[in-house]
file run.txt (compact mmCIF, C-alpha atoms and all ligand atoms)
# COMPACT_ATOMS: atom_id res chain seq x y z
CA MET A 2 104.06 115.29 65.07
CA PRO A 3 106.13 113.90 67.93
CA SER A 4 108.07 110.80 66.97
CA SER A 5 107.16 107.39 68.29
CA SER A 6 110.74 106.89 69.58
CA SER A 7 110.89 104.92 72.81
CA PHE A 8 112.77 107.86 74.34
CA ALA A 9 110.85 110.78 75.80
CA ILE A 10 114.13 112.65 76.22
CA ASP A 11 117.12 112.06 73.96
CA VAL A 12 119.75 114.83 74.10
CA THR A 13 123.50 115.02 73.55
CA GLY A 14 126.08 117.58 74.65
CA VAL A 15 123.58 120.00 76.17
CA THR A 16 125.45 123.06 77.45
CA LYS A 17 124.40 126.36 79.00
CA ARG A 18 126.61 129.29 79.95
CA PHE A 19 125.65 132.37 81.92
CA GLY A 20 128.40 134.91 81.20
CA ALA A 21 131.75 133.20 81.73
CA LYS A 22 130.24 130.43 83.86
CA THR A 23 129.32 127.06 82.35
CA VAL A 24 126.32 125.96 84.36
CA VAL A 25 125.43 122.83 82.35
CA ASN A 26 128.39 121.16 80.69
CA GLY A 27 127.81 118.81 77.76
CA ILE A 28 125.13 116.58 79.26
CA ASP A 29 123.92 113.49 77.38
CA LEU A 30 120.65 112.01 78.63
CA GLN A 31 118.17 109.46 77.40
CA VAL A 32 114.96 108.83 79.31
CA LYS A 33 112.55 106.10 78.21
CA ARG A 34 108.84 106.72 77.96
CA GLY A 35 107.02 105.72 81.15
CA GLU A 36 110.21 105.98 83.22
CA ILE A 37 110.65 107.92 86.48
CA TYR A 38 114.09 109.51 86.22
CA GLY A 39 115.66 111.16 89.27
CA PHE A 40 117.94 114.14 88.88
CA LEU A 41 120.14 114.76 91.91
CA GLY A 42 122.95 117.08 92.80
CA PRO A 43 123.98 119.80 95.24
CA ASN A 44 122.44 123.29 95.17
CA GLY A 45 123.51 125.21 92.10
CA SER A 46 124.65 122.12 90.16
CA GLY A 47 122.52 123.00 87.12
CA LYS A 48 119.44 120.78 87.54
CA THR A 49 116.83 123.52 87.08
CA THR A 50 118.74 125.06 84.17
CA PHE A 51 118.85 121.66 82.44
CA ILE A 52 115.11 121.13 82.98
CA ARG A 53 114.37 124.58 81.59
CA MET A 54 116.26 123.69 78.41
CA LEU A 55 114.31 120.45 78.06
CA CYS A 56 110.91 122.08 78.32
CA GLY A 57 111.59 124.89 75.88
CA LEU A 58 112.06 127.76 78.35
CA LEU A 59 115.79 128.21 77.65
CA THR A 60 117.80 127.54 74.49
CA PRO A 61 121.00 125.51 74.92
CA ASP A 62 124.26 127.22 73.86
CA ALA A 63 125.44 123.87 72.50
CA GLY A 64 124.07 120.38 72.10
CA THR A 65 121.29 118.75 70.17
CA GLY A 66 118.40 116.41 70.75
CA THR A 67 114.72 115.92 71.19
CA CYS A 68 112.12 116.07 73.90
CA LEU A 69 109.00 114.02 73.04
CA GLY A 70 110.35 113.86 69.52
CA PHE A 71 110.52 117.67 69.13
CA ASP A 72 113.83 119.47 68.60
CA VAL A 73 114.93 121.22 71.83
CA ARG A 74 116.39 124.14 69.85
CA THR A 75 113.75 124.80 67.22
CA GLN A 76 110.42 123.31 68.34
CA GLN A 77 110.08 124.80 71.81
CA ALA A 78 106.42 125.81 71.36
CA ASP A 79 105.49 122.20 70.51
CA ILE A 80 107.42 120.91 73.53
CA LYS A 81 105.62 123.31 75.89
CA ARG A 82 102.21 122.01 74.78
CA HIS A 83 103.06 118.43 75.75
CA VAL A 84 105.06 118.96 78.92
CA GLY A 85 103.85 119.62 82.47
CA TYR A 86 106.29 121.58 84.64
CA MET A 87 105.97 121.89 88.40
CA THR A 88 108.44 124.56 89.48
CA GLN A 89 110.13 124.90 92.87
CA ARG A 90 107.87 127.75 93.93
CA PHE A 91 104.11 127.54 94.44
CA SER A 92 102.95 129.84 91.66
CA TYR A 93 99.16 129.74 91.68
CA TYR A 94 96.64 132.45 92.55
CA GLU A 95 96.30 132.45 96.32
CA ASP A 96 93.00 134.34 96.26
CA LEU A 97 91.35 131.92 93.82
CA SER A 98 89.90 128.58 94.92
CA ILE A 99 91.42 125.24 93.93
CA ARG A 100 88.73 124.79 91.26
CA GLU A 101 89.19 128.34 89.91
CA ASN A 102 92.96 127.88 89.67
CA LEU A 103 92.57 124.63 87.74
CA ASP A 104 89.91 126.15 85.51
CA PHE A 105 92.22 129.08 84.76
CA ILE A 106 95.15 126.83 83.81
CA ALA A 107 92.83 124.66 81.68
CA ARG A 108 91.75 127.80 79.80
CA LEU A 109 95.37 128.79 79.16
CA TYR A 110 96.00 125.39 77.58
CA ASP A 111 92.65 125.49 75.73
CA VAL A 112 91.79 122.10 77.24
CA PRO A 113 88.78 120.54 75.45
CA ASP A 114 85.70 119.86 77.62
CA ARG A 115 87.23 121.99 80.35
CA ARG A 116 84.60 121.50 83.08
CA SER A 117 84.87 117.76 83.01
CA ALA A 118 88.70 117.89 82.79
CA VAL A 119 88.78 120.06 85.94
CA GLN A 120 86.32 117.78 87.77
CA GLN A 121 88.30 114.66 86.86
CA SER A 122 91.51 116.29 87.98
CA LEU A 123 89.94 117.31 91.34
CA GLU A 124 88.77 113.73 91.91
CA ARG A 125 92.00 112.09 90.86
CA LEU A 126 94.12 114.17 93.23
CA GLY A 127 91.63 113.92 96.12
CA LEU A 128 90.86 117.65 95.90
CA ALA A 129 87.11 117.43 95.18
CA ASN A 130 85.99 117.91 98.81
CA ARG A 131 87.93 121.12 99.17
CA SER A 132 87.58 122.48 95.64
CA HIS A 133 86.16 125.79 96.96
CA GLN A 134 89.00 126.39 99.41
CA LEU A 135 91.27 129.31 98.55
CA ALA A 136 94.72 128.22 97.38
CA GLY A 137 96.36 130.67 99.79
CA GLU A 138 94.74 128.89 102.77
CA LEU A 139 96.07 125.42 101.93
CA SER A 140 98.79 123.64 103.91
CA GLY A 141 102.01 122.64 102.14
CA GLY A 142 100.85 119.13 101.23
CA TRP A 143 97.57 120.35 99.69
CA LYS A 144 99.32 123.16 97.81
CA GLN A 145 101.60 120.54 96.34
CA ARG A 146 98.60 118.46 95.20
CA LEU A 147 97.05 121.50 93.57
CA ALA A 148 100.35 122.21 91.79
CA LEU A 149 100.50 118.60 90.58
CA ALA A 150 96.87 118.73 89.38
CA ALA A 151 97.59 121.99 87.54
CA SER A 152 100.69 120.60 85.83
CA LEU A 153 98.66 117.59 84.61
CA ILE A 154 95.47 119.36 83.48
CA HIS A 155 96.46 119.38 79.78
CA THR A 156 97.38 115.64 79.92
CA PRO A 157 101.10 116.09 79.16
CA GLN A 158 103.30 113.19 78.02
CA LEU A 159 106.25 114.33 80.12
CA LEU A 160 106.12 115.71 83.66
CA LEU A 161 109.07 117.76 84.94
CA LEU A 162 109.06 118.10 88.72
CA ASP A 163 111.59 120.45 90.33
CA GLU A 164 111.91 119.58 94.05
CA PRO A 165 108.17 118.97 94.31
CA THR A 166 108.23 117.68 97.88
CA ALA A 167 110.48 120.23 99.60
CA GLY A 168 108.99 121.00 103.02
CA VAL A 169 106.18 118.43 102.69
CA ASP A 170 105.57 115.91 105.52
CA PRO A 171 106.48 112.20 105.10
CA LYS A 172 102.89 110.95 104.68
CA ALA A 173 102.11 113.57 102.00
CA ARG A 174 105.42 112.73 100.28
CA ARG A 175 104.55 109.06 100.25
CA ASP A 176 101.07 109.76 98.79
CA PHE A 177 102.66 112.00 96.19
CA TRP A 178 105.09 109.26 95.14
CA ASP A 179 102.33 106.67 94.96
CA GLU A 180 100.54 108.99 92.53
CA ILE A 181 103.73 109.50 90.48
CA HIS A 182 104.13 105.72 90.17
CA ARG A 183 100.47 105.34 89.09
CA LEU A 184 100.97 108.04 86.43
CA ALA A 185 104.16 106.41 85.15
CA ALA A 186 102.40 103.03 84.96
CA GLU A 187 99.84 104.76 82.69
CA GLY A 188 102.69 105.82 80.37
CA LEU A 189 103.64 109.29 81.63
CA THR A 190 107.40 110.00 81.70
CA VAL A 191 108.62 111.81 84.82
CA LEU A 192 111.88 113.68 85.38
CA ILE A 193 112.16 114.74 89.01
CA THR A 194 114.77 116.64 91.01
CA THR A 195 115.05 115.95 94.71
CA HIS A 196 117.48 116.22 97.61
CA TYR A 197 115.81 113.32 99.48
CA MET A 198 117.65 110.00 99.25
CA ASP A 199 114.52 107.92 99.93
CA GLU A 200 112.91 109.60 96.91
CA ALA A 201 115.97 108.96 94.76
CA GLU A 202 115.57 105.29 95.59
CA ARG A 203 111.98 105.34 94.32
CA CYS A 204 113.11 106.37 90.79
CA HIS A 205 113.62 103.80 88.03
CA ARG A 206 116.90 105.46 87.13
CA LEU A 207 119.04 108.26 88.50
CA ALA A 208 121.62 110.78 87.43
CA TYR A 209 123.89 112.85 89.68
CA LEU A 210 125.17 116.28 88.69
CA ALA A 211 127.84 118.49 90.27
CA TYR A 212 129.21 121.75 88.84
CA GLY A 213 127.14 121.17 85.68
CA ASN A 214 128.74 117.78 84.97
CA LEU A 215 126.88 114.48 85.01
CA LEU A 216 128.97 112.30 87.32
CA THR A 217 127.02 109.05 87.39
CA ARG A 218 123.80 107.55 86.11
CA GLY A 219 121.85 104.31 86.04
CA SER A 220 119.60 102.26 88.29
CA LEU A 221 120.14 102.44 92.04
CA ALA A 222 122.11 99.18 91.87
CA ASP A 223 124.21 100.48 88.93
CA VAL A 224 125.05 103.71 90.74
CA LEU A 225 126.03 101.94 93.96
CA ALA A 226 128.15 99.36 92.12
CA ALA A 227 129.90 101.94 89.91
CA ALA A 228 130.97 103.97 92.96
CA ARG A 229 133.21 101.11 94.25
CA LEU A 230 132.95 102.62 97.70
CA THR A 231 133.56 100.50 100.82
CA THR A 232 131.76 101.38 104.06
CA TRP A 233 132.21 100.09 107.60
CA SER A 234 130.03 100.62 110.63
CA VAL A 235 131.73 101.13 113.98
CA ALA A 236 129.69 100.89 117.21
CA GLY A 237 130.93 101.11 120.81
CA PRO A 238 132.37 103.61 123.34
CA ASN A 239 133.95 107.04 122.74
CA LEU A 240 132.75 107.38 119.16
CA ALA A 241 133.56 111.09 118.97
CA ARG A 242 137.20 110.30 119.81
CA ILE A 243 137.26 107.41 117.33
CA ALA A 244 135.80 109.66 114.62
CA ALA A 245 138.46 112.31 115.25
CA ALA A 246 141.20 109.65 115.15
CA LEU A 247 139.90 108.26 111.85
CA ARG A 248 139.59 111.56 110.01
CA GLY A 249 142.66 112.27 107.91
CA ARG A 250 144.02 108.69 108.12
CA PRO A 251 145.04 107.15 104.79
CA GLY A 252 142.07 105.37 103.18
CA VAL A 253 139.43 107.23 105.22
CA GLU A 254 137.33 109.58 103.08
CA GLN A 255 134.10 110.00 105.08
CA VAL A 256 133.26 109.57 108.76
CA VAL A 257 129.60 110.15 109.58
CA ALA A 258 127.80 109.65 112.92
CA PHE A 259 124.42 107.89 112.79
CA GLY A 260 123.10 107.81 116.34
CA ASN A 261 125.31 105.32 118.22
CA THR A 262 127.21 104.18 115.13
CA LEU A 263 129.83 105.67 112.83
CA HIS A 264 129.81 105.02 109.09
CA VAL A 265 133.31 105.15 107.67
CA SER A 266 133.85 105.06 103.90
CA GLY A 267 136.64 105.08 101.36
CA HIS A 268 137.68 103.75 97.96
CA GLU A 269 140.79 101.90 99.10
CA ALA A 270 139.33 98.92 100.95
CA ALA A 271 142.58 97.61 102.47
CA ARG A 272 143.76 100.98 103.80
CA LEU A 273 140.28 101.69 105.18
CA ALA A 274 140.22 98.36 107.05
CA ALA A 275 143.72 99.04 108.40
CA ALA A 276 142.71 102.49 109.65
CA ILE A 277 139.66 101.10 111.46
CA SER A 278 141.64 98.31 113.06
CA ALA A 279 144.31 100.81 114.19
CA VAL A 280 141.93 103.12 116.07
CA SER A 281 139.20 100.75 117.34
CA THR A 282 139.43 98.64 120.54
CA PRO A 283 138.07 95.15 121.36
CA ALA A 284 135.05 96.96 122.83
CA HIS A 285 134.07 98.17 119.35
CA GLU A 286 131.93 96.23 116.93
CA CYS A 287 133.25 96.88 113.41
CA ARG A 288 131.70 95.37 110.30
CA GLU A 289 131.56 96.07 106.61
CA ILE A 290 128.12 97.24 105.43
CA SER A 291 126.61 98.30 102.07
CA SER A 292 127.34 101.91 101.13
CA SER A 293 124.23 104.07 100.98
CA LEU A 294 123.27 106.35 98.11
CA GLU A 295 124.05 109.33 100.33
CA ASP A 296 127.59 108.00 101.00
CA VAL A 297 128.07 107.61 97.24
CA PHE A 298 126.74 111.06 96.34
CA ILE A 299 128.80 112.85 99.00
CA SER A 300 131.89 111.02 97.85
CA LEU A 301 131.18 112.00 94.22
CA MET A 302 130.66 115.61 95.24
CA ASP A 303 133.90 115.75 97.25
CA ARG A 304 135.85 114.35 94.33
CA ALA A 305 134.18 116.74 91.86
CA GLU A 306 135.06 119.64 94.16
CA ASP A 307 138.68 118.52 94.21
CA ASN A 308 138.75 118.34 90.39
CA PHE A 309 137.14 121.76 90.17
CA LYS A 310 139.64 123.55 92.45
N1 LIG B 1 119.33 133.27 84.60
C1 LIG B 1 120.50 133.06 85.20
N2 LIG B 1 121.52 133.94 85.07
C2 LIG B 1 122.72 133.74 85.66
N3 LIG B 1 123.01 132.65 86.40
C3 LIG B 1 122.05 131.74 86.57
C4 LIG B 1 120.74 131.89 85.99
N4 LIG B 1 120.00 130.80 86.32
C5 LIG B 1 120.80 130.02 87.08
N5 LIG B 1 122.02 130.57 87.24
C6 LIG B 1 123.16 129.99 87.98
O1 LIG B 1 123.38 128.70 87.45
C7 LIG B 1 123.80 127.80 88.47
C8 LIG B 1 122.91 126.57 88.45
O2 LIG B 1 121.62 126.93 88.90
P1 LIG B 1 120.40 125.92 88.91
O3 LIG B 1 119.22 126.67 89.47
O4 LIG B 1 120.24 125.31 87.57
O5 LIG B 1 120.91 124.81 89.96
P2 LIG B 1 120.09 123.67 90.71
O6 LIG B 1 120.92 122.44 90.60
O7 LIG B 1 118.70 123.61 90.20
O8 LIG B 1 120.10 124.17 92.23
P3 LIG B 1 119.05 123.93 93.45
O9 LIG B 1 119.23 122.50 93.91
O10 LIG B 1 119.50 124.93 94.46
O11 LIG B 1 117.69 124.21 92.91
C9 LIG B 1 123.76 128.57 89.77
O12 LIG B 1 125.07 129.01 90.05
C10 LIG B 1 122.85 129.75 89.45
O13 LIG B 1 123.20 130.87 90.23

call {"tool": "encode", "arguments": {"input": "run.txt", "output": "structure tokens"}}
result
Amino acid sequence: MPSSSSFAIDVTGVTKRFGAKTVVNGIDLQVKRGEIYGFLGPNGSGKTTFIRMLCGLLTPDAGTGTCLGFDVRTQQADIKRHVGYMTQRFSYYEDLSIRENLDFIARLYDVPDRRSAVQQSLERLGLANRSHQLAGELSGGWKQRLALAASLIHTPQLLLLDEPTAGVDPKARRDFWDEIHRLAAEGLTVLITTHYMDEAERCHRLAYLAYGNLLTRGSLADVLAAARLTTWSVAGPNLARIAAALRGRPGVEQVVAFGNTLHVSGHEAARLAAAISAVSTPAHECREISSSLEDVFISLMDRAEDNFK
């Protein structure tokens, strides 16, 4: 039986190597039940590989721990029964209808009272009106809903979502997140990977990976505070010239154009302020602003790259 621990995921030192390459390097992670946990990091940082170890599809080369109270090394079949996994690719039968796809998945999981489980799932995800539509004819947002319905049909306790909203429009993304929050409020634990910063901000807690290493974790406020990054905005004339003058100056780590404003960041607050005052003119409006999550993640990635070289 799964334990009643308050952690849905509780692992230590999880490591995976492919040949000589360490793709996931000694990751410790604890995720509370009912929590939405965001997993971020650049392409190839090891997010999918880590998820596959959690849900029993890959065995770690090192590390220990539990997922839903089951041992990640020895009880993989038990884990699979209680976990829903929405992969990056749409992997349903395009020539079956929405209802037929859900019915098929429900059969695979031997879901009790299958007809009513499928009907409830169609209604919950707003798919009932189009249940006879072929999956292959659906737009991206509806395909995503079908994939979510399918990953929930066996009422899992943990939902693993690997970039579930890639290529989906903002309204469909917002609806999707509303549903994820409703599910979490009902007690479902959700681990989600995303490259969208607005989605990262909708998670209860976050972790950021680069080169297989977990670089930071915590609530949004924790992650921003731990970064100790200072950011200034600079508005005014000749911003392209100002940006070029700032790059490479001591204290300046990032210079990013946002429309008619530059965001300039660095860890050494005094040197950063000196650099801005040296290149700006009285016609420029310069003020310190809060660093964004994107500023923090890019800074972490740059530093990790430097350590890796
Ligand atoms: N089965 C495998 N055999 C060999 N290398 C692999 C295998 N699976 C993944 N990798 C490598 O492991 C690294 C991490 O891949 P992974 O898919 O876990 O990253 P990711 O963070 O999910 O990336 P993305 O954001 O692009 O989805 C990559 O360099 C990838 O090429």

call {"tool": "atom_distance", "arguments": {"input": "run.txt", "atom1": "CA of Pro165 (chain A)", "atom2": "CA of Glu36 (chain A)"}}
result
17.2 Å

call {"tool": "residues_around", "arguments": {"input": "run.txt", "residues": "Arg131 (chain A)", "least_positions_apart": "3", "cutoff": "8 Å", "atoms": "all atoms listed in the file", "output": "MDAnalysis selection string"}}
result
chainID A and resid 99 128 134

call {"tool": "closest_residue", "arguments": {"input": "run.txt", "among": "A:Ala258, A:Ala136, A:Val119, A:Ala211", "to": "ligand LIG 1 (chain B)", "atoms": "only C-alpha atoms and all ligand atoms"}}
result
A:Ala211

call {"tool": "closest_residue", "arguments": {"input": "run.txt", "among": "A:Pro157, A:Pro171, A:Gly252, A:Gly260", "to": "Leu240 (chain A)", "atoms": "all atoms listed in the file"}}
result
A:Gly260

call {"tool": "residues_near_ligand", "arguments": {"input": "run.txt", "ligand": "ligand LIG 1 (chain B)", "cutoff": "12 Å", "atoms": "all atoms listed in the file", "output": "count of residues only"}}
result
49

call {"tool": "atom_distance", "arguments": {"input": "run.txt", "atom1": "CA of Ile28 (chain A)", "atom2": "CA of Leu159 (chain A)"}}
result
19.0 Å

call {"tool": "residues_around", "arguments": {"input": "run.txt", "residues": "Tyr93 (chain A)", "least_positions_apart": "2", "cutoff": "10 Å", "atoms": "only C-alpha atoms", "output": "mmCIF file with C-alpha atoms, keeping the file's coordinate frame"}}
result
data_model
loop_
_atom_site.group_PDB
_atom_site.id
_atom_site.type_symbol
_atom_site.label_atom_id
_atom_site.label_comp_id
_atom_site.auth_asym_id
_atom_site.auth_seq_id
_atom_site.Cartn_x
_atom_site.Cartn_y
_atom_site.Cartn_z
ATOM 1 C CA ARG A 90 107.870 127.750 93.930
ATOM 2 C CA PHE A 91 104.110 127.540 94.440
ATOM 3 C CA GLU A 95 96.300 132.450 96.320
ATOM 4 C CA ASP A 96 93.000 134.340 96.260
ATOM 5 C CA LEU A 97 91.350 131.920 93.820
ATOM 6 C CA SER A 98 89.900 128.580 94.920
ATOM 7 C CA ILE A 99 91.420 125.240 93.930
ATOM 8 C CA ASN A 102 92.960 127.880 89.670
ATOM 9 C CA LEU A 103 92.570 124.630 87.740
ATOM 10 C CA PHE A 105 92.220 129.080 84.760
ATOM 11 C CA ILE A 106 95.150 126.830 83.810
ATOM 12 C CA ALA A 136 94.720 128.220 97.380
ATOM 13 C CA GLY A 137 96.360 130.670 99.790
ATOM 14 C CA LYS A 144 99.320 123.160 97.810
ATOM 15 C CA LEU A 147 97.050 121.500 93.570
ATOM 16 C CA ALA A 148 100.350 122.210 91.790
ATOM 17 C CA ALA A 151 97.590 121.990 87.540
#

call {"tool": "atom_distance", "arguments": {"input": "run.txt", "atom1": "CA of Gly219 (chain A)", "atom2": "CA of Arg74 (chain A)"}}
result
26.2 Å

call {"tool": "residues_around", "arguments": {"input": "run.txt", "residues": "Leu55 (chain A)", "least_positions_apart": "5", "cutoff": "9 Å", "atoms": "all atoms listed in the file", "output": "PyMOL selection string"}}
result
chain A and resi 10+12+50+60-61+67-68+73+77+80

call {"tool": "closest_residue", "arguments": {"input": "run.txt", "among": "A:Glu295, A:Asp79, A:Asp114, A:Glu187", "to": "Gly35 (chain A)", "atoms": "all atoms listed in the file"}}
result
A:Glu187
